[in-house]
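*Asks:* Submitted below is the structure of interest, expressed as structure tokens.
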Amino acid sequence: MAEMIFEPLKEYNEHYKNEFRKNSEEYFDSLNKKANIDVAINRETCKNIYKLDSYIETLDKKSKKVNKTGSSLYHLIVFGMLFAAILAIIPIGKYEFSGDAPETSIMNIMMIAFCPVFGLIYLLSFSTGKKGDPKKTKVVDIVFGTIIIVLSIVTIAWRLSHKSFGDDLKTVLIVVLVVIALLSIFSLLLKFILLNSMIKKINSEKTNIEAKRKIELDKAYNQMAPLNALYDWNIPATLIQKTIPMIQMDKILDANKAEYLYQKYGFKVGDENTSTVAMQSGSIYGNPFMICTDYKMRMANKTYTGSVTITWTTTIRVNGRTQTIPHVQVLTASVSAPAPSYSYDSYLVYGCEAAPNLNFSRSPNPICKKSDKEIKKYVEKMDKKLTKKGEKALMKGSSYQKLGNTEFEALFGGTDRDNEVEFRMLFTPLAQKNLLNLMKSEPYGDDFRINKRRCLNYVRSYHSIRYSQDPTVFIGFDYEKAKSNFISYNEKFFKSFYFELAPLLCIPLYQETKSKEYIYDDKLKCNFSMYEYEQVANSYNQNILKHPQSITGNIYKAERLESVGNTDKVKIHAYSFRGEKRVTYVNKLGGDGRIHTIPVYWIEYFPVANDTELLLSKTDISRQEYTVKSHSEKFASAIRNIAKGNAYKYERSIFSLVALSSLSTSDISTYNTNLDFNAFEVNSKLDLNKILDEELKETETSLQKEGDDALVEIQGDAKEIKEDQIESVEEVKEEVDLDLVDDDEE
């Protein structure tokens, strides 16, 4: 194995990709060897489950078919009544506008307009409803269908009493109505006697099949329980380190190493509006890196809307007759007010002393996805701009000089660099070649942003996904699918991780520069870093830590209170907002010439904070050991009168709990003595499946929401107007290089 990665893209495709898959398969097989799953029996159980799934699917199709038959009969009745109404208004065309008829009334016009308008609306709602929510579609059908039937009856009754309606047409209409009536009676009998009976039978059969499926599913989960319990934290990280030994992955980031990162490289935990949700630290030849996901809050103006509907009438003279015309107008108004907006930010930060005085930035270049011809044309255009920039720099006495490789300079960017010598030290011909290949090739192409700030290098990629190292993502009941999912998930994690690092691995100097003083002093007498405190806090359900009046997301910040042995006592500050309903009245001129008042309801946000004490203890045991030993009486005794309810958890060698009350140093010392997992017995009567199910549910409720989803609507008389969901994107401010802007664009 080479000590360096010289060509990251090539080496991934030719070696690391296959090597990682092999390691993943071997790791899964080693887990199964410990679990000793009878694959043949599990395969047979899953076969039964999928047969039952197929049967349930068939019953669902039958149920839909029966319901469709009932709906078709209903639609037939509606369109029959619509046809009868159209038949009833035909004489209006012969008589009402013949010149001998009395003055046309609004009733006549409404009757003429009603049939085609409502018929068209009903057809549109029926055709578009199929693609939406079935329940909403059914409601729309019933509402519009009932309106059409009622108005059809009114129209027919009114026309039958009209003197212009001839006997022949009256006979035809009566025959049509008799046919519709018979059809309606037949439909009702068919629905209530036959169709409802069929649906009831299908539902009963489906209930029985689902009960059988649950039995089989429980059996399958019981078969897989030994394997599901073996999945542990940091599996992807373990596989990455085995595949690429030069990359060292940390289990946790302890306080002393975090302090070293701050003292040497200047990297520090985020501000009061940022909280670390997930973090994986490690190093490459002593150069530390962190892949972080932060939960961020920023205040932004949110627009609330309100509306009122106004009506009025006007009269006009047409051919000597007075006609009254109704008007309807919807007046809208909006109010903007500050509201918190929440989003996740994922990035990689790499500390290295290579080019320690250099600052520059670059953003993804969309042209890299174009054809070679288009790229060549773009490079030629940029060459002129870069030459012009170099000439300006020379006259101003600044350090910028255009590189000899115009294609690299045009596609990569980095023209805001402030140290030309160090920039060239980094971007050697090999580095330029590597980066050009990376930007123009699969799997992600040029999707990365780089910001170098002296010894810190930040990389943000569009492909970066919040892949969790939570072992519950591997839990399943089907051995074959579990294996496939295990390998697939880890491969995706590795690909995302590798190409997050790839822009830096393309630069040989970042690997050649080894840290001179990676051994850090054991100065801080505590067990974990602030990043870990925040990460643990974010793993809890926010209802446990948030302020009681909070209606938004929460930013957790940690304050270390004291360390006693292997336990840190921490105060978690949960910052969020409460809301109060407000209404603003906006005056607006309507089409009727009058001023109308429009109420706009909105929310005013006020900051709130809640403090909660957490205990975090170093506990170097496997997830399987914790699962079985945490349900012993000795464990319950150790945390009794200390933990708040069931607010405790274990992950990544950290056992944490929400303290019931403030604990003294003596209390924590006693707690440390009692919390000895080696002394806890294993309960042989454990329902492992139930425990795993609870673990899954806990994981699902811990993730905080983004954007408007993080804001809870205030219930009451004045409700916030609901708006369409929009994706919250963090605002990124970029400085424009004026030297590269066309003269006609300036």
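By convention in this document, the chains of the structure tokens carry letters A, B, ... by their order, each chain's residues are numbered from 1, and ligands are numbered from 1 in the order they are shown.
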Within 9 Å of segment 280-286 of chain A, counting only C-alpha atoms, which residues qualify if same-chain residues fewer than 3 places away don't, as a ChimeraX atom specification?
*Replies:* /A:237,246-253,289-292,350-352,510-519
*Asks:* A:Asn208, A:Asn527, A:Ser669, A:Asn32: which is nearest Ala225 of chain A, counting only C-alpha atoms?
*Replies:*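 Of A:Asn208, A:Asn527, A:Ser669, A:Asn32, the one nearest Ala225 of chain A, counting only C-alpha atoms, is A:Asn32.
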*Asks:* For Leu509 of chain A, which residue out of A:His547, A:Lys557, A:Arg424, A:Lys571 is the nearest one, using only C-alpha atoms?
*Replies:* A:Arg424
*Asks:* Which one is closest to Ser336 of chain A: A:Lys402, A:Lys392, A:Lys370, A:Lys302? Count only C-alpha atoms.
*Replies:*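 Of A:Lys402, A:Lys392, A:Lys370, A:Lys302, the one nearest Ser336 of chain A is A:Lys302, counting only C-alpha atoms.
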*Asks:* Please provide the set of residues having any atom within 10 Å of Leu52 of chain A, restricted to only C-alpha atoms, with same-chain residues fewer than 2 positions apart removed, written as a PyMOL selection string.
*Replies:* chain A and resi 46-50+54-58+206+209-210+212-214+216
